[in-house]
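Below: coords25.cif (mmCIF, C-alpha atoms)
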data_upload
#
loop_
_atom_site.label_atom_id
_atom_site.label_comp_id
_atom_site.auth_asym_id
_atom_site.auth_seq_id
_atom_site.Cartn_x
_atom_site.Cartn_y
_atom_site.Cartn_z
CA MET S 1 0.00 0.00 0.00
CA PHE S 2 1.12 3.58 -0.65
CA ALA S 3 2.45 5.44 2.39
CA ALA S 4 4.56 8.41 3.55
CA TYR S 5 7.15 7.15 6.00
CA ALA S 6 10.36 7.86 7.88
CA ALA S 7 13.12 5.86 6.23
CA ARG S 8 16.00 7.59 8.01
CA ILE S 9 16.54 9.84 11.02
CA ASP S 10 18.28 13.18 10.48
CA ALA S 11 18.07 15.80 13.23
CA ALA S 12 19.59 18.51 11.03
CA ASP S 13 17.67 17.79 7.82
CA PRO S 14 14.51 15.92 8.81
CA LEU S 15 12.87 16.00 5.39
CA SER S 16 15.77 14.02 3.92
CA GLY S 17 14.46 10.97 5.76
CA LEU S 18 10.93 11.23 4.38
CA GLU S 19 10.05 8.78 1.61
CA LEU S 20 6.88 7.93 -0.28
CA GLY S 21 6.24 4.45 -1.64
CA ASP S 22 4.78 1.02 -1.01
CA LEU S 23 4.93 -0.69 2.39
CA PRO S 24 3.18 -3.83 3.69
CA GLU S 25 -0.50 -3.73 4.57
CA PRO S 26 -1.35 -3.61 8.29
CA GLN S 27 -2.22 -6.99 9.75
CA ALA S 28 -5.38 -7.56 11.77
CA ARG S 29 -4.86 -8.90 15.29
CA PRO S 30 -7.14 -9.60 18.28
CA GLY S 31 -8.53 -6.42 19.77
CA TRP S 32 -7.40 -4.27 16.83
CA SER S 33 -9.20 -2.83 13.81
CA VAL S 34 -7.94 -1.98 10.34
CA VAL S 35 -9.22 1.40 9.18
CA THR S 36 -9.32 2.61 5.59
CA VAL S 37 -8.00 6.16 5.85
CA ARG S 38 -10.09 8.83 4.15
CA ALA S 39 -8.15 11.82 5.53
CA ALA S 40 -5.15 12.42 7.80
CA SER S 41 -3.56 15.64 9.02
CA LEU S 42 -0.01 16.82 9.59
CA ASN S 43 1.40 17.76 12.99
CA HIS S 44 4.76 19.01 14.25
CA HIS S 45 5.01 15.58 15.89
CA ASP S 46 5.65 14.20 12.41
CA LEU S 47 8.62 16.52 11.92
CA TRP S 48 10.00 15.65 15.35
CA SER S 49 9.71 11.97 14.45
CA LEU S 50 11.90 12.56 11.38
CA ARG S 51 14.44 14.15 13.74
CA GLY S 52 14.41 11.02 15.89
CA VAL S 53 12.49 12.48 18.83
CA GLY S 54 10.37 9.63 20.22
CA LEU S 55 11.22 7.44 17.23
CA PRO S 56 14.30 5.19 17.60
CA ALA S 57 16.14 4.09 14.46
CA GLU S 58 15.35 0.42 15.11
CA LYS S 59 11.63 1.17 14.51
CA LEU S 60 12.25 2.30 10.92
CA PRO S 61 10.68 2.34 8.44
CA MET S 62 7.81 4.03 10.28
CA ILE S 63 4.69 5.29 8.55
CA LEU S 64 4.13 8.80 9.88
CA GLY S 65 0.85 10.43 10.89
CA CYS S 66 -1.07 10.56 14.18
CA ASP S 67 -4.44 11.82 13.05
CA ALA S 68 -7.00 10.21 10.79
CA ALA S 69 -10.65 9.68 10.04
CA GLY S 70 -11.86 6.80 7.93
CA VAL S 71 -13.99 3.68 7.70
CA ASP S 72 -13.47 0.54 9.78
CA GLU S 73 -13.86 -3.05 8.56
CA HIS S 74 -17.58 -2.97 9.44
CA GLY S 75 -18.30 0.14 7.38
CA ASN S 76 -18.47 2.53 10.35
CA GLU S 77 -17.18 6.08 9.90
CA VAL S 78 -14.64 6.59 12.69
CA VAL S 79 -12.07 8.98 14.16
CA LEU S 80 -8.82 7.68 15.67
CA HIS S 81 -7.65 8.53 19.17
CA SER S 82 -3.90 8.35 18.64
CA VAL S 83 -2.70 7.72 22.21
CA ILE S 84 -1.95 4.00 22.31
CA GLY S 85 -1.75 2.11 25.59
CA GLN S 86 -3.63 4.64 27.70
CA SER S 87 -6.10 2.00 28.81
CA GLY S 88 -4.23 -1.24 28.16
CA HIS S 89 -6.73 -2.14 25.45
CA GLY S 90 -5.03 -4.01 22.64
CA VAL S 91 -1.51 -3.76 24.10
CA GLY S 92 -1.57 -5.16 27.63
CA PRO S 93 -1.70 -3.33 30.99
CA ASP S 94 2.04 -2.81 31.43
CA GLU S 95 2.88 -1.05 28.17
CA PRO S 96 3.49 2.68 28.67
CA ARG S 97 1.37 5.06 26.65
CA SER S 98 2.73 6.30 23.35
CA ILE S 99 1.54 8.43 20.47
CA LEU S 100 0.90 6.66 17.20
CA THR S 101 4.16 6.40 15.16
CA GLU S 102 6.35 6.14 18.27
CA ARG S 103 5.73 2.37 18.52
CA TYR S 104 3.08 1.63 15.88
CA GLN S 105 2.69 2.49 12.19
CA GLY S 106 0.80 5.70 11.51
CA THR S 107 -1.96 7.13 9.38
CA PHE S 108 -0.21 8.53 6.28
CA ALA S 109 -1.20 5.43 4.32
CA GLN S 110 -4.22 3.87 2.69
CA ARG S 111 -4.91 1.78 5.79
CA VAL S 112 -3.87 1.79 9.47
CA ALA S 113 -4.32 -0.67 12.34
CA VAL S 114 -5.16 0.56 15.85
CA PRO S 115 -6.73 -0.93 18.98
CA THR S 116 -10.49 -1.04 18.46
CA TRP S 117 -10.86 0.83 21.77
CA ASN S 118 -9.17 3.82 20.11
CA LEU S 119 -11.97 4.33 17.58
CA LEU S 120 -14.76 6.86 18.10
CA PRO S 121 -17.80 7.41 15.86
CA LYS S 122 -17.32 10.28 13.43
CA PRO S 123 -20.17 12.78 13.80
CA ALA S 124 -22.18 13.04 10.61
CA GLU S 125 -21.90 16.84 10.84
CA LEU S 126 -18.12 16.68 10.24
CA SER S 127 -16.40 15.79 6.98
CA PHE S 128 -13.56 13.28 7.02
CA GLU S 129 -11.13 16.16 6.44
CA GLN S 130 -12.49 18.15 9.38
CA ALA S 131 -12.57 15.15 11.71
CA ALA S 132 -8.98 14.24 10.82
CA CYS S 133 -7.78 17.58 12.21
CA LEU S 134 -9.06 16.96 15.72
CA PRO S 135 -7.20 14.10 17.48
CA THR S 136 -3.85 15.85 18.07
CA ALA S 137 -3.75 19.65 17.67
CA TRP S 138 -7.39 20.32 18.43
CA LEU S 139 -7.53 17.77 21.25
CA THR S 140 -4.38 19.35 22.72
CA ALA S 141 -6.06 22.77 22.61
CA TYR S 142 -9.28 21.40 24.10
CA ARG S 143 -7.42 19.90 27.07
CA MET S 144 -5.29 23.01 27.54
CA LEU S 145 -8.34 25.28 27.77
CA PHE S 146 -11.03 23.20 29.39
CA THR S 147 -9.08 20.79 31.63
CA ASN S 148 -5.85 22.56 32.60
CA ALA S 149 -6.21 26.35 32.31
CA GLY S 150 -8.82 26.85 35.01
CA VAL S 151 -10.53 29.61 33.01
CA LYS S 152 -14.21 30.52 32.79
CA PRO S 153 -16.32 32.52 30.33
CA GLY S 154 -15.29 36.17 30.41
CA ASP S 155 -11.66 35.46 31.32
CA THR S 156 -8.83 36.67 29.09
CA VAL S 157 -6.51 34.12 27.51
CA LEU S 158 -3.30 34.87 25.60
CA VAL S 159 -2.36 32.49 22.78
CA GLN S 160 1.32 32.70 21.86
CA GLY S 161 2.07 32.30 18.15
CA ALA S 162 -0.70 32.86 15.62
CA GLY S 163 -1.10 30.41 12.77
CA GLY S 164 -0.23 26.94 13.98
CA GLY S 165 -2.73 24.11 14.33
CA VAL S 166 -2.93 24.29 18.13
CA ALA S 167 -3.02 28.10 18.11
CA THR S 168 -5.89 28.31 15.64
CA ALA S 169 -7.77 25.67 17.61
CA LEU S 170 -7.27 27.66 20.82
CA ILE S 171 -8.68 30.79 19.17
CA VAL S 172 -11.79 29.07 17.80
CA LEU S 173 -12.51 26.97 20.89
CA GLY S 174 -11.81 29.82 23.31
CA LYS S 175 -14.07 32.23 21.48
CA ALA S 176 -16.87 29.66 21.25
CA ALA S 177 -16.58 29.12 25.02
CA GLY S 178 -17.01 32.80 25.86
CA LEU S 179 -13.37 33.71 26.55
CA ARG S 180 -11.66 36.92 25.50
CA VAL S 181 -8.84 35.68 23.28
CA TRP S 182 -5.66 37.64 22.57
CA VAL S 183 -2.99 36.39 20.18
CA THR S 184 0.64 37.22 19.46
CA GLY S 185 2.57 36.60 16.26
CA ARG S 186 5.53 37.83 14.23
CA ASP S 187 3.67 37.85 10.92
CA GLU S 188 1.21 40.70 10.33
CA ALA S 189 -0.90 38.69 7.90
CA LYS S 190 -1.27 35.82 10.37
CA ARG S 191 -2.25 38.27 13.12
CA ALA S 192 -4.94 39.69 10.84
CA ARG S 193 -6.24 36.23 10.03
CA ALA S 194 -6.34 35.38 13.73
CA VAL S 195 -8.64 38.35 14.29
CA GLU S 196 -10.82 37.25 11.37
CA LEU S 197 -10.97 33.83 13.01
CA GLY S 198 -12.34 35.32 16.22
CA ALA S 199 -9.43 36.63 18.28
CA ASP S 200 -10.39 39.83 20.10
CA ALA S 201 -6.96 41.37 19.51
CA ALA S 202 -3.60 40.43 18.01
CA PHE S 203 -0.22 41.83 19.03
CA GLU S 204 3.34 41.60 17.79
CA SER S 205 5.42 38.96 19.55
CA GLY S 206 6.73 40.33 22.84
CA ALA S 207 4.50 43.43 22.80
CA ARG S 208 3.31 44.94 26.05
CA LEU S 209 -0.34 44.01 26.54
CA PRO S 210 -3.11 46.42 27.63
CA GLU S 211 -3.54 44.39 30.82
CA ARG S 212 -2.42 41.13 32.33
CA VAL S 213 -4.28 37.98 31.38
CA ASP S 214 -5.82 35.11 33.33
CA ALA S 215 -4.03 32.38 31.40
CA VAL S 216 -1.42 31.94 28.68
CA MET S 217 -1.45 29.10 26.18
CA GLU S 218 2.20 28.39 25.41
CA THR S 219 3.36 26.20 22.53
CA VAL S 220 6.27 28.29 21.23
CA GLY S 221 8.71 27.81 24.10
CA ALA S 222 12.00 29.66 24.54
CA ALA S 223 11.18 32.58 22.24
CA THR S 224 8.01 33.60 24.12
CA TRP S 225 8.48 32.15 27.61
CA SER S 226 9.57 35.36 29.36
CA HIS S 227 6.72 37.30 27.74
CA SER S 228 4.25 34.61 28.81
CA VAL S 229 5.31 34.86 32.45
CA LYS S 230 5.28 38.67 32.45
CA SER S 231 1.82 38.77 30.83
CA LEU S 232 0.08 36.84 33.63
CA ARG S 233 -1.91 38.37 36.45
CA PRO S 234 -0.98 37.24 39.97
CA GLY S 235 -2.21 33.69 40.46
CA GLY S 236 -2.60 33.16 36.72
CA THR S 237 -1.78 29.99 34.79
CA ILE S 238 0.55 29.13 31.94
CA VAL S 239 -0.41 25.93 30.15
CA ILE S 240 2.47 24.59 28.06
CA SER S 241 2.09 21.84 25.49
CA GLY S 242 5.08 22.39 23.26
CA ALA S 243 8.28 24.30 22.59
CA THR S 244 8.67 24.69 18.84
CA SER S 245 11.31 27.43 19.26
CA GLY S 246 13.33 25.43 21.78
CA ALA S 247 13.00 24.20 25.35
CA ASP S 248 15.67 26.33 27.06
CA PRO S 249 14.63 29.98 27.59
CA SER S 250 17.35 32.44 28.54
CA SER S 251 15.50 33.20 31.78
CA VAL S 252 12.99 30.95 33.51
CA GLU S 253 11.61 33.85 35.58
CA LEU S 254 11.59 31.87 38.83
CA ASN S 255 11.36 34.95 41.04
CA ARG S 256 8.26 36.20 39.27
CA ILE S 257 6.70 32.74 39.26
CA PHE S 258 6.95 32.16 43.00
CA PHE S 259 6.39 35.78 44.10
CA LEU S 260 3.18 36.15 42.05
CA GLU S 261 2.11 32.55 42.77
CA LEU S 262 1.84 31.71 39.09
CA LYS S 263 0.92 28.22 37.99
CA VAL S 264 2.80 26.36 35.26
CA VAL S 265 0.87 23.34 33.99
CA GLY S 266 2.13 20.83 31.46
CA SER S 267 -0.41 19.44 29.01
CA THR S 268 -0.01 16.59 26.55
CA MET S 269 -2.62 15.47 24.02
CA GLY S 270 -5.87 14.41 25.70
CA THR S 271 -7.95 11.43 26.72
CA LYS S 272 -10.40 9.47 24.61
CA GLU S 273 -13.20 10.97 26.71
CA GLU S 274 -11.94 14.49 25.96
CA LEU S 275 -11.80 13.67 22.24
CA ALA S 276 -15.42 12.51 22.45
CA GLY S 277 -16.26 15.82 24.12
CA LEU S 278 -14.42 17.76 21.41
CA LEU S 279 -16.25 15.88 18.64
CA ALA S 280 -19.59 16.63 20.29
CA PHE S 281 -18.61 20.27 20.86
CA CYS S 282 -17.86 20.71 17.16
CA ALA S 283 -20.95 18.82 16.01
CA ASN S 284 -23.31 20.73 18.31
CA THR S 285 -21.92 24.27 18.05
CA GLY S 286 -20.94 24.51 14.40
CA VAL S 287 -17.28 25.03 15.33
CA ARG S 288 -15.05 23.59 12.61
CA PRO S 289 -11.29 23.08 12.38
CA VAL S 290 -9.32 25.62 10.37
CA ILE S 291 -7.92 23.84 7.31
CA ASP S 292 -5.00 25.45 5.53
CA SER S 293 -5.03 23.08 2.55
CA VAL S 294 -5.92 19.56 1.42
CA LEU S 295 -3.27 17.61 -0.53
CA PRO S 296 -3.13 14.13 -2.02
CA LEU S 297 -0.86 11.82 -0.05
CA ALA S 298 1.47 11.71 -3.06
CA GLU S 299 2.24 15.40 -2.39
CA ALA S 300 2.99 14.88 1.31
CA ARG S 301 6.54 16.22 0.89
CA ASP S 302 5.15 19.62 -0.06
CA GLY S 303 2.98 19.64 3.06
CA PHE S 304 5.92 18.68 5.28
CA ALA S 305 8.07 21.42 3.73
CA ARG S 306 5.43 24.09 4.36
CA LEU S 307 4.95 22.93 7.94
CA ALA S 308 8.71 23.02 8.54
CA LYS S 309 8.86 26.62 7.23
CA GLY S 310 5.89 27.70 9.34
CA ASP S 311 4.09 28.61 6.13
CA VAL S 312 0.67 27.45 7.31
CA PHE S 313 -2.47 28.82 8.92
CA GLY S 314 -4.45 25.94 10.35
CA LYS S 315 -4.09 22.28 9.43
CA ILE S 316 -2.67 20.58 6.34
CA VAL S 317 -4.77 17.53 5.45
CA LEU S 318 -3.60 14.58 3.34
CA GLN S 319 -5.89 12.30 1.35
CA PRO S 320 -4.60 8.77 0.50
#

Entire entry expressed as structure tokens:
Amino acid sequence: MFAAYAARIDAADPLSGLELGDLPEPQARPGWSVVTVRAASLNHHDLWSLRGVGLPAEKLPMILGCDAAGVDEHGNEVVLHSVIGQSGHGVGPDEPRSILTERYQGTFAQRVAVPTWNLLPKPAELSFEQAACLPTAWLTAYRMLFTNAGVKPGDTVLVQGAGGGVATALIVLGKAAGLRVWVTGRDEAKRARAVELGADAAFESGARLPERVDAVMETVGAATWSHSVKSLRPGGTIVISGATSGADPSSVELNRIFFLELKVVGSTMGTKEELAGLLAFCANTGVRPVIDSVLPLAEARDGFARLAKGDVFGKIVLQP
């Protein structure tokens, strides 16, 4: 079957390890289902995998892709929850959790095998392309806002870095939940699009804000960390789910963190139950994922290159 996969690991030039071609079909096994993929979406996790983060060389070749929506062997339209081993279903109780493609072949292929427990019904209101955007970036945003941020309608939330999949999800979900959403970004066009998407205001990266915020959603890392800490009101919360600009800020702002009793909360992906809540939220409210572009799987390299350059606004979707 045709697939986009990691053939080599190269931390300096990750795209050099990406290949497209035929690999063996996934094999059915007890407790697992084989899903025909109708749509899958790109994440920064796929680029990190090509750099060898979470993907050891002995696992190669590894089909990339965490997110997908498709049809199972019984004809059901489904969405994949890509955290494997969370419950023990299909893998045994002692296996640590992993994200699809760290241990098991991913979704950038015509078919993928996952534990049957990891399948959720696709709402009829969502297209396959829309549903395929939700299990990683949008689920991460959903958990950041509604599980870990401790915010309520009317609160002000700062989203660092306009344009990425998680950032656009945070804007749309936050606005739909009654939050005041502010965004920062280096690119003027992306800031303008963030406002069109629903952000109440957009500022240049590092700009002084009109007032301090209740929570900061941090996915950028080193480049914005100091600004995130300084932007919080006393007792406020930073929720961090990534560090695309690096994990080692020049100053960790410890004095400000303890003196103002700030909270720093790590957030990774989300549970199957939270994904079910996100699917229902989108189906019932009319909220839809922001899709940058839809490409055939044969053009996956172009999608990876755009993601690596940061030349995206929303999600890139691949169709096998």

Please evaluate the PyMOL selection byres ((chain S and resi 260) around 8) against the displayed coordinates and give the resulting residues as a tab-separated table (two decimals) with C-alpha atoms, in the frame of the given file.
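Printed below is expr-v9.tsv as written:
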chain	number	residue	atom	x	y	z
S	233	ARG	CA	-1.91	38.37	36.45
S	234	PRO	CA	-0.98	37.24	39.97
S	235	GLY	CA	-2.21	33.69	40.46
S	256	ARG	CA	8.26	36.20	39.27
S	257	ILE	CA	6.70	32.74	39.26
S	258	PHE	CA	6.95	32.16	43.00
S	259	PHE	CA	6.39	35.78	44.10
S	261	GLU	CA	2.11	32.55	42.77
S	262	LEU	CA	1.84	31.71	39.09

> Quick one: distance from atom CA of Thr219 of chain S to atom CA of Tyr104 of chain S in Å, one decimal?
Replying inline: 25.5 Å

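With the shown file loaded, the PyMOL selection byres ((chain S and resi 152) around 12) picks out Leu145, Phe146, Thr147, Asn148, Ala149, Gly150, Val151, Pro153, Gly154, Asp155, Thr156, Val157, Gly174, Lys175, Ala176, Ala177, Gly178, Leu179, Arg180, Asp214 and Ala215 of chain S.
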
Selection file, C-alpha atoms, as a JSON list (two decimals), keeping the file's coordinate frame:
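Output contents, as saved in part-v5.json:
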[["chain", "number", "residue", "atom", "x", "y", "z"],
["S", 145, "LEU", "CA", -8.34, 25.28, 27.77],
["S", 146, "PHE", "CA", -11.03, 23.20, 29.39],
["S", 147, "THR", "CA", -9.08, 20.79, 31.63],
["S", 148, "ASN", "CA", -5.85, 22.56, 32.60],
["S", 149, "ALA", "CA", -6.21, 26.35, 32.31],
["S", 150, "GLY", "CA", -8.82, 26.85, 35.01],
["S", 151, "VAL", "CA", -10.53, 29.61, 33.01],
["S", 153, "PRO", "CA", -16.32, 32.52, 30.33],
["S", 154, "GLY", "CA", -15.29, 36.17, 30.41],
["S", 155, "ASP", "CA", -11.66, 35.46, 31.32],
["S", 156, "THR", "CA", -8.83, 36.67, 29.09],
["S", 157, "VAL", "CA", -6.51, 34.12, 27.51],
["S", 174, "GLY", "CA", -11.81, 29.82, 23.31],
["S", 175, "LYS", "CA", -14.07, 32.23, 21.48],
["S", 176, "ALA", "CA", -16.87, 29.66, 21.25],
["S", 177, "ALA", "CA", -16.58, 29.12, 25.02],
["S", 178, "GLY", "CA", -17.01, 32.80, 25.86],
["S", 179, "LEU", "CA", -13.37, 33.71, 26.55],
["S", 180, "ARG", "CA", -11.66, 36.92, 25.50],
["S", 214, "ASP", "CA", -5.82, 35.11, 33.33],
["S", 215, "ALA", "CA", -4.03, 32.38, 31.40]]

> Which neighbours of Ile240 of chain S fall inside 8 Å, counting all atoms listed in the file, when residues of the same chain fewer than 4 positions from it are skipped, and could you give them as a PyMOL selection string?
Replying inline: chain S and resi 144+217-219+264-267

> atom CA of Val220 of chain S and atom CA of Ser251 of chain S, how far apart in Å?
Replying inline: 14.9 Å

>> Selection in question (the file shown): the PyMOL selection byres ((chain S and resi 277) around 12). Which residues does it include, as a ChimeraX atom specification?
In response: /S:120-121,123,134-135,138-139,142-143,146-147,270-276,278-285

For segment 140-153 of chain S of the block above, can you save N, CA and C atoms as a PDB file, in the first residue's frame?
ATOM      1  N   THR S 140      -5.336  18.681  21.830  1.00  0.00           N
ATOM      2  CA  THR S 140      -4.377  19.353  22.716  1.00  0.00           C
ATOM      3  C   THR S 140      -4.932  20.692  23.177  1.00  0.00           C
ATOM      4  N   ALA S 141      -5.487  21.475  22.251  1.00  0.00           N
ATOM      5  CA  ALA S 141      -6.057  22.774  22.608  1.00  0.00           C
ATOM      6  C   ALA S 141      -7.251  22.623  23.549  1.00  0.00           C
ATOM      7  N   TYR S 142      -8.093  21.654  23.278  1.00  0.00           N
ATOM      8  CA  TYR S 142      -9.278  21.405  24.100  1.00  0.00           C
ATOM      9  C   TYR S 142      -8.873  21.103  25.540  1.00  0.00           C
ATOM     10  N   ARG S 143      -7.879  20.239  25.722  1.00  0.00           N
ATOM     11  CA  ARG S 143      -7.420  19.899  27.068  1.00  0.00           C
ATOM     12  C   ARG S 143      -6.739  21.091  27.742  1.00  0.00           C
ATOM     13  N   MET S 144      -5.952  21.832  26.980  1.00  0.00           N
ATOM     14  CA  MET S 144      -5.290  23.007  27.539  1.00  0.00           C
ATOM     15  C   MET S 144      -6.309  23.980  28.123  1.00  0.00           C
ATOM     16  N   LEU S 145      -7.351  24.279  27.354  1.00  0.00           N
ATOM     17  CA  LEU S 145      -8.336  25.279  27.766  1.00  0.00           C
ATOM     18  C   LEU S 145      -9.280  24.772  28.845  1.00  0.00           C
ATOM     19  N   PHE S 146      -9.877  23.605  28.592  1.00  0.00           N
ATOM     20  CA  PHE S 146     -11.026  23.197  29.394  1.00  0.00           C
ATOM     21  C   PHE S 146     -10.690  22.257  30.549  1.00  0.00           C
ATOM     22  N   THR S 147      -9.487  21.663  30.524  1.00  0.00           N
ATOM     23  CA  THR S 147      -9.075  20.792  31.628  1.00  0.00           C
ATOM     24  C   THR S 147      -8.005  21.451  32.495  1.00  0.00           C
ATOM     25  N   ASN S 148      -7.040  22.133  31.863  1.00  0.00           N
ATOM     26  CA  ASN S 148      -5.849  22.557  32.603  1.00  0.00           C
ATOM     27  C   ASN S 148      -5.711  24.050  32.865  1.00  0.00           C
ATOM     28  N   ALA S 149      -6.428  24.902  32.160  1.00  0.00           N
ATOM     29  CA  ALA S 149      -6.214  26.347  32.309  1.00  0.00           C
ATOM     30  C   ALA S 149      -6.970  26.948  33.486  1.00  0.00           C
ATOM     31  N   GLY S 150      -8.052  26.312  33.898  1.00  0.00           N
ATOM     32  CA  GLY S 150      -8.824  26.854  35.013  1.00  0.00           C
ATOM     33  C   GLY S 150      -9.523  28.165  34.684  1.00  0.00           C
ATOM     34  N   VAL S 151      -9.877  28.373  33.406  1.00  0.00           N
ATOM     35  CA  VAL S 151     -10.535  29.615  33.010  1.00  0.00           C
ATOM     36  C   VAL S 151     -12.040  29.409  32.911  1.00  0.00           C
ATOM     37  N   LYS S 152     -12.753  30.538  32.897  1.00  0.00           N
ATOM     38  CA  LYS S 152     -14.209  30.518  32.790  1.00  0.00           C
ATOM     39  C   LYS S 152     -14.642  31.586  31.806  1.00  0.00           C
ATOM     40  N   PRO S 153     -15.872  31.506  31.285  1.00  0.00           N
ATOM     41  CA  PRO S 153     -16.323  32.515  30.332  1.00  0.00           C
ATOM     42  C   PRO S 153     -16.118  33.925  30.865  1.00  0.00           C
TER      43      PRO S 153
END
